[in-house]
$ cat final_20.txt   # compact mmCIF, C-alpha atoms
# COMPACT_ATOMS: atom_id res chain seq x y z
CA MET L 5 6.47 -2.96 -21.37
CA ALA L 6 7.16 -5.54 -24.02
CA GLN L 7 5.47 -5.05 -27.39
CA GLY L 8 2.28 -7.09 -27.65
CA SER L 9 2.38 -8.30 -24.06
CA ARG L 10 -0.89 -8.54 -22.18
CA ILE L 11 -1.45 -7.69 -18.56
CA ARG L 12 -3.63 -10.14 -16.67
CA ILE L 13 -6.09 -8.38 -14.36
CA SER L 14 -7.88 -10.54 -11.82
CA PHE L 15 -10.55 -9.76 -9.23
CA SER L 16 -10.88 -11.85 -6.10
CA PRO L 17 -14.46 -13.07 -5.55
CA ILE L 18 -14.13 -12.04 -1.90
CA ALA L 19 -13.22 -8.51 -3.03
CA CYS L 20 -16.45 -8.35 -5.05
CA VAL L 21 -18.48 -9.45 -2.00
CA TYR L 22 -16.59 -6.95 0.15
CA LEU L 23 -17.31 -4.14 -2.34
CA SER L 24 -21.01 -5.11 -2.39
CA LEU L 25 -21.17 -4.89 1.41
CA ILE L 26 -19.43 -1.52 1.34
CA LEU L 27 -21.96 -0.26 -1.22
CA LEU L 28 -24.74 -1.21 1.20
CA ALA L 29 -23.15 0.70 4.07
CA ILE L 30 -21.55 3.76 2.43
CA PRO L 31 -23.06 6.22 -0.08
CA VAL L 32 -22.19 5.39 -3.69
CA SER L 33 -20.57 8.81 -4.27
CA TRP L 34 -17.99 8.09 -1.53
CA VAL L 35 -17.33 4.54 -2.79
CA LEU L 36 -16.76 5.89 -6.33
CA ALA L 37 -14.45 8.60 -4.94
CA TRP L 38 -12.49 5.94 -3.02
CA LEU L 39 -12.20 3.74 -6.11
CA ALA L 40 -11.12 6.70 -8.27
CA ALA L 41 -8.39 7.64 -5.78
CA ALA L 42 -7.25 4.00 -5.61
CA ALA L 43 -7.17 3.71 -9.41
CA PHE L 44 -5.10 6.90 -9.65
CA HIS L 45 -2.73 5.52 -6.99
CA GLU L 46 -2.24 2.27 -8.94
CA LEU L 47 -1.86 4.19 -12.21
CA PHE L 48 1.14 6.01 -10.71
CA HIS L 49 2.69 2.67 -9.69
CA CYS L 50 2.25 1.49 -13.30
CA ILE L 51 3.79 4.70 -14.67
CA ALA L 52 6.79 4.24 -12.34
CA LEU L 53 7.23 0.65 -13.53
CA TRP L 54 6.99 1.83 -17.13
CA LEU L 55 9.67 4.49 -16.44
CA CYS L 56 11.86 1.72 -14.98
CA GLU L 57 11.18 -0.30 -18.18
CA LYS L 58 9.68 -3.19 -16.22
CA ASP L 59 7.00 -5.53 -17.51
CA ILE L 60 3.78 -5.76 -15.55
CA GLU L 61 2.83 -9.43 -15.36
CA SER L 62 -0.51 -9.06 -13.58
CA ILE L 63 -2.68 -6.83 -11.46
CA ASP L 64 -4.52 -8.73 -8.75
CA ILE L 65 -7.36 -6.93 -6.99
CA GLY L 66 -8.34 -8.45 -3.68
CA ILE L 67 -9.74 -7.61 -0.29
CA HIS L 68 -6.42 -6.00 0.75
CA GLY L 69 -6.22 -3.78 -2.33
CA ALA L 70 -4.37 -4.17 -5.61
CA LYS L 71 -1.04 -5.91 -6.12
CA ILE L 72 0.99 -5.38 -9.25
CA ARG L 73 3.26 -8.30 -10.12
CA THR L 74 6.32 -7.37 -12.07
CA SER L 75 9.76 -8.62 -12.94
CA ASP L 76 12.55 -8.25 -10.37
CA LEU L 77 13.29 -4.74 -9.18
CA THR L 78 16.52 -3.31 -7.85
CA PRO L 79 16.36 -1.74 -4.36
CA GLY L 80 16.35 1.75 -5.92
CA GLU L 81 13.51 0.80 -8.26
CA ILE L 82 11.54 -0.63 -5.33
CA VAL L 83 11.82 2.70 -3.48
CA PHE L 84 10.90 4.70 -6.60
CA CYS L 85 7.92 2.51 -7.53
CA ALA L 86 6.66 2.27 -3.93
CA PHE L 87 6.59 6.05 -3.51
CA ALA L 88 4.97 6.60 -6.92
CA GLY L 89 1.48 5.56 -5.75
CA PRO L 90 1.38 7.94 -2.76
CA LEU L 91 2.76 10.66 -5.06
CA GLY L 92 -0.38 10.22 -7.17
CA GLY L 93 -2.47 10.74 -4.02
CA ILE L 94 -0.53 13.89 -3.16
CA LEU L 95 -1.15 15.25 -6.67
CA LEU L 96 -4.88 14.62 -6.24
CA LEU L 97 -4.67 16.64 -3.02
CA LEU L 98 -2.88 19.54 -4.67
CA PHE L 99 -5.30 19.71 -7.60
CA HIS L 100 -8.47 18.92 -5.66
CA VAL L 101 -10.97 19.45 -8.46
CA PHE L 102 -13.07 16.68 -6.89
CA PRO L 103 -13.01 17.23 -3.10
CA ARG L 104 -14.28 13.73 -2.22
CA VAL L 105 -11.63 12.07 -4.38
CA ALA L 106 -8.98 14.36 -2.84
CA LEU L 107 -10.08 13.44 0.70
CA CYS L 108 -10.05 9.72 -0.14
CA ALA L 109 -6.62 10.12 -1.75
CA PHE L 110 -5.36 11.84 1.42
CA VAL L 111 -6.54 8.97 3.65
CA GLN L 112 -5.15 6.34 1.27
CA THR L 113 -1.81 8.15 1.03
CA LEU L 114 -1.46 8.40 4.82
CA PHE L 115 -2.34 4.74 5.22
CA ASN L 116 -0.04 3.55 2.42
CA LEU L 117 2.93 5.49 3.78
CA ILE L 118 2.89 3.55 7.07
CA PRO L 119 6.30 1.83 6.89
CA ILE L 120 5.18 -1.79 7.32
CA LEU L 121 4.95 -4.49 4.69
CA PRO L 122 3.11 -4.92 2.36
CA LEU L 123 2.15 -1.22 2.32
CA ASP L 124 4.06 1.19 0.07
CA GLY L 125 5.90 2.68 3.05
CA GLY L 126 7.09 -0.80 4.07
CA GLN L 127 8.19 -1.60 0.52
CA ALA L 128 10.12 1.69 0.38
CA LEU L 129 11.69 1.10 3.81
CA HIS L 130 12.77 -2.40 2.82
CA GLY L 131 14.23 -1.07 -0.45
CA LEU L 132 16.12 1.67 1.44
CA LEU L 133 17.51 -0.88 3.90
CA ARG L 134 18.68 -3.01 0.96
CA LEU L 135 20.47 0.05 -0.43
CA VAL L 136 22.35 0.95 2.75
CA LEU L 137 22.82 -2.24 4.80
CA PRO L 138 24.63 -5.50 4.21
CA GLU L 139 22.29 -8.41 3.36
CA ARG L 140 22.75 -10.13 6.74
CA ARG L 141 21.48 -7.09 8.69
CA ILE L 142 18.43 -6.16 6.61
CA GLU L 143 15.82 -8.48 8.16
CA SER L 144 16.83 -7.93 11.80
CA THR L 145 16.90 -4.15 11.29
CA TYR L 146 13.53 -4.22 9.54
CA LYS L 147 11.98 -6.32 12.33
CA ALA L 148 13.26 -3.90 14.99
CA ILE L 149 11.85 -0.91 13.09
CA GLU L 150 8.57 -2.77 12.60
CA VAL L 151 8.20 -3.40 16.36
CA LEU L 152 8.68 0.34 17.02
CA ILE L 153 6.16 1.24 14.31
CA PHE L 154 3.53 -1.17 15.66
CA ALA L 155 4.07 0.19 19.19
CA ALA L 156 3.53 3.73 17.87
CA LEU L 157 0.44 2.67 15.87
CA ILE L 158 -1.11 0.94 18.89
CA THR L 159 -0.43 3.99 21.08
CA ILE L 160 -1.87 6.40 18.50
CA SER L 161 -4.96 4.24 17.91
CA ILE L 162 -5.67 4.03 21.67
CA LEU L 163 -5.27 7.80 21.98
CA ALA L 164 -7.47 8.33 18.93
CA ALA L 165 -10.19 6.06 20.27
CA PHE L 166 -10.32 7.20 23.89
CA LEU L 167 -8.64 10.57 24.28
CA TRP L 168 -9.57 12.18 20.95
CA LYS L 169 -12.92 10.28 20.82
CA LEU L 170 -12.59 9.16 17.18
CA GLY L 171 -14.38 5.86 17.79
CA ILE L 172 -13.07 2.34 17.38
CA LEU L 173 -12.06 2.58 13.70
CA PRO L 174 -8.38 3.40 14.49
CA LEU L 175 -8.26 0.39 16.84
CA LEU L 176 -9.84 -1.88 14.20
CA LEU L 177 -7.38 -0.73 11.51
CA THR L 178 -4.41 -1.30 13.82
CA ALA L 179 -5.75 -4.72 14.82
CA ALA L 180 -6.16 -5.65 11.14
CA LEU L 181 -2.55 -4.64 10.46
CA VAL L 182 -1.28 -6.63 13.45
CA ILE L 183 -3.27 -9.72 12.42
CA ARG L 184 -2.07 -9.40 8.83
CA ARG L 185 1.52 -9.10 10.08
CA LYS L 186 1.17 -12.28 12.14
CA LYS L 187 -0.01 -14.21 9.06
CA ARG L 188 2.81 -12.95 6.82
CA LYS L 189 6.35 -14.19 6.64
CA ILE L 190 8.98 -11.81 5.31
CA PRO L 191 10.56 -13.47 2.29
CA CYS L 192 14.32 -13.80 2.45
CA LYS L 193 14.63 -13.53 -1.34
CA TRP L 194 12.69 -10.78 -3.09
CA SER L 195 12.07 -12.33 -6.50
CA GLY L 196 8.74 -11.57 -8.13
CA VAL L 197 8.39 -8.34 -6.19
CA LYS L 198 4.88 -6.99 -5.78
CA VAL L 199 4.01 -3.32 -5.68
CA GLN L 200 1.06 -2.64 -3.40
$ encode --input "final_20.txt" --output "structure tokens"
Amino acid sequence: MAQGSRIRISFSPIACVYLSLILLAIPVSWVLAWLAAAAFHELFHCIALWLCEKDIESIDIGIHGAKIRTSDLTPGEIVFCAFAGPLGGILLLLFHVFPRVALCAFVQTLFNLIPILPLDGGQALHGLLRLVLPERRIESTYKAIEVLIFAALITISILAAFLWKLGILPLLLTAALVIRRKKRKIPCKWSGVKVQ
């Protein structure tokens, strides 16, 4: 990070309202554990960016989590930085001094490793495709993989809800991902890359 540079951290007003509603519905100890696991996850993204000698321009915290804006990353750096956050969650699992934080880290790590954009798994997949495929084949290959992933997620969420009797939460999470995917366009140029 450049000497004397400042990182702008912003909180979305909607995220504050969302957090307030969560505090009304979920015990404070679990909310704090979730936030601690999320902060550790983002810290590992920041450490990875620091190791890549990249400046962090801003950290935006919104309803969909935190996004770290940085200068352009190479495909290899994208893969490295994307996997750094889930690595932090895995470390919290291995050294589970705080069981609630470890459980929250486990759930966040599983979720973030789903290989769809803008999650860490999707960032890593896109970076890997940029490493191994010619530019003209990246988007079509990614879209084909994404269709397969969404089909698997929908199947698993239906099984989880009805066969394994886990309630409607898996269906709601999958629906949220599908809706978010429909609203997002995959950029053809990856300048100003964000790390989730």
$ closest_residue --input "final_20.txt" --among "L:Arg73, L:Arg141, L:Arg104, L:Arg134" --to "Ala40 in chain L" --atoms "all atoms listed in the file"
L:Arg104
$ residues_around --input "final_20.txt" --residues "range 119-126 of chain L" --least-positions-apart "5" --cutoff "12 Å" --atoms "only C-alpha atoms" --output "JSON, numbers by chain"
{"L": [45, 46, 49, 68, 69, 70, 71, 72, 82, 83, 84, 85, 86, 87, 88, 89, 90, 91, 112, 113, 114, 131, 132, 133, 146, 147, 148, 149, 150, 151, 152, 153, 154, 156, 157, 178, 181, 182, 184, 185, 186, 187, 188, 189, 190, 191, 197, 198, 199, 200]}
$ closest_residue --input "final_20.txt" --among "L:Thr78, L:Gly92, L:Ser144, L:His130" --to "Cys108 in chain L" --atoms "only C-alpha atoms"
L:Gly92
$ residues_around --input "final_20.txt" --residues "Leu36 in chain L" --least-positions-apart "5" --cutoff "9 Å" --atoms "all atoms listed in the file" --output "NGL selection string"
:L and (31 or 41 or 105)
$ write_last_selection --input "final_20.txt" --atoms "C-alpha atoms" --output "mmCIF file, in the frame of the given file"
data_model
loop_
_atom_site.group_PDB
_atom_site.id
_atom_site.type_symbol
_atom_site.label_atom_id
_atom_site.label_comp_id
_atom_site.auth_asym_id
_atom_site.auth_seq_id
_atom_site.Cartn_x
_atom_site.Cartn_y
_atom_site.Cartn_z
ATOM 1 C CA PRO L 31 -23.060 6.220 -0.080
ATOM 2 C CA ALA L 41 -8.390 7.640 -5.780
ATOM 3 C CA VAL L 105 -11.630 12.070 -4.380
#
$ atom_distance --input "final_20.txt" --atom1 "CA of Ile65 in chain L" --atom2 "CA of Leu23 in chain L"
11.3 Å
$ closest_residue --input "final_20.txt" --among "L:Ile60, L:Phe115, L:Ile30, L:Gly80" --to "Leu129 in chain L" --atoms "only C-alpha atoms"
L:Gly80
$ residues_around --input "final_20.txt" --residues "Arg12 in chain L" --least-positions-apart "2" --cutoff "10 Å" --atoms "only C-alpha atoms" --output "ChimeraX atom specification"
/L:9-10,14,60-64,72-73
$ axis_aligned_box --input "final_20.txt" --around "range 158-167 of chain L" --padding-each-side "6 Å" --output "lines of an AutoDock Vina configuration file"
center_x = -5.4
center_y = 5.8
center_z = 21.1
size_x = 21.9
size_y = 21.6
size_z = 18.4
$ atom_distance --input "final_20.txt" --atom1 "CA of Glu81 in chain L" --atom2 "CA of Leu97 in chain L"
24.7 Å
$ closest_residue --input "final_20.txt" --among "L:Ile142, L:Ala106, L:Val21, L:Leu137" --to "Leu39 in chain L" --atoms "all atoms listed in the file"
L:Ala106
$ atom_distance --input "final_20.txt" --atom1 "CA of Ile13 in chain L" --atom2 "CA of Pro103 in chain L"
28.8 Å
$ closest_residue --input "final_20.txt" --among "L:Ala29, L:Phe99, L:Phe110, L:Pro79" --to "Gln127 in chain L" --atoms "only C-alpha atoms"
L:Pro79
$ build_atoms --input "final_20.txt" --residues "range 117-136 of chain L" --atoms "N, CA and C atoms" --output "compact mmCIF listing (two decimals), in the coordinates of the input"
# COMPACT_ATOMS: atom_id res chain seq x y z
N LEU L 117 1.58 5.09 3.39
CA LEU L 117 2.93 5.49 3.78
C LEU L 117 3.36 4.93 5.13
N ILE L 118 2.48 4.21 5.83
CA ILE L 118 2.89 3.55 7.07
C ILE L 118 3.99 2.56 6.69
N PRO L 119 5.15 2.65 7.32
CA PRO L 119 6.30 1.83 6.89
C PRO L 119 6.28 0.38 7.39
N ILE L 120 5.23 -0.35 7.04
CA ILE L 120 5.18 -1.79 7.32
C ILE L 120 4.77 -2.50 6.04
N LEU L 121 5.29 -3.69 5.87
CA LEU L 121 4.95 -4.49 4.69
C LEU L 121 3.54 -5.01 4.81
N PRO L 122 2.78 -5.12 3.77
CA PRO L 122 3.11 -4.92 2.36
C PRO L 122 2.76 -3.53 1.86
N LEU L 123 2.50 -2.57 2.75
CA LEU L 123 2.15 -1.22 2.32
C LEU L 123 3.32 -0.56 1.60
N ASP L 124 3.03 0.51 0.85
CA ASP L 124 4.06 1.19 0.07
C ASP L 124 5.20 1.70 0.96
N GLY L 125 4.87 2.21 2.13
CA GLY L 125 5.90 2.68 3.05
C GLY L 125 6.83 1.55 3.48
N GLY L 126 6.27 0.37 3.71
CA GLY L 126 7.09 -0.80 4.07
C GLY L 126 7.96 -1.26 2.92
N GLN L 127 7.40 -1.24 1.70
CA GLN L 127 8.19 -1.60 0.52
C GLN L 127 9.37 -0.63 0.36
N ALA L 128 9.08 0.68 0.51
CA ALA L 128 10.12 1.69 0.38
C ALA L 128 11.18 1.53 1.47
N LEU L 129 10.74 1.30 2.71
CA LEU L 129 11.69 1.10 3.81
C LEU L 129 12.59 -0.10 3.54
N HIS L 130 11.98 -1.20 3.10
CA HIS L 130 12.77 -2.40 2.82
C HIS L 130 13.75 -2.14 1.68
N GLY L 131 13.32 -1.42 0.65
CA GLY L 131 14.23 -1.07 -0.45
C GLY L 131 15.38 -0.19 0.03
N LEU L 132 15.07 0.80 0.90
CA LEU L 132 16.12 1.67 1.44
C LEU L 132 17.12 0.88 2.27
N LEU L 133 16.61 -0.06 3.09
CA LEU L 133 17.51 -0.88 3.90
C LEU L 133 18.41 -1.73 3.00
N ARG L 134 17.86 -2.22 1.90
CA ARG L 134 18.68 -3.01 0.96
C ARG L 134 19.74 -2.16 0.29
N LEU L 135 19.48 -0.86 0.17
CA LEU L 135 20.47 0.05 -0.43
C LEU L 135 21.63 0.35 0.51
N VAL L 136 21.34 0.43 1.82
CA VAL L 136 22.35 0.95 2.75
C VAL L 136 22.96 -0.09 3.69
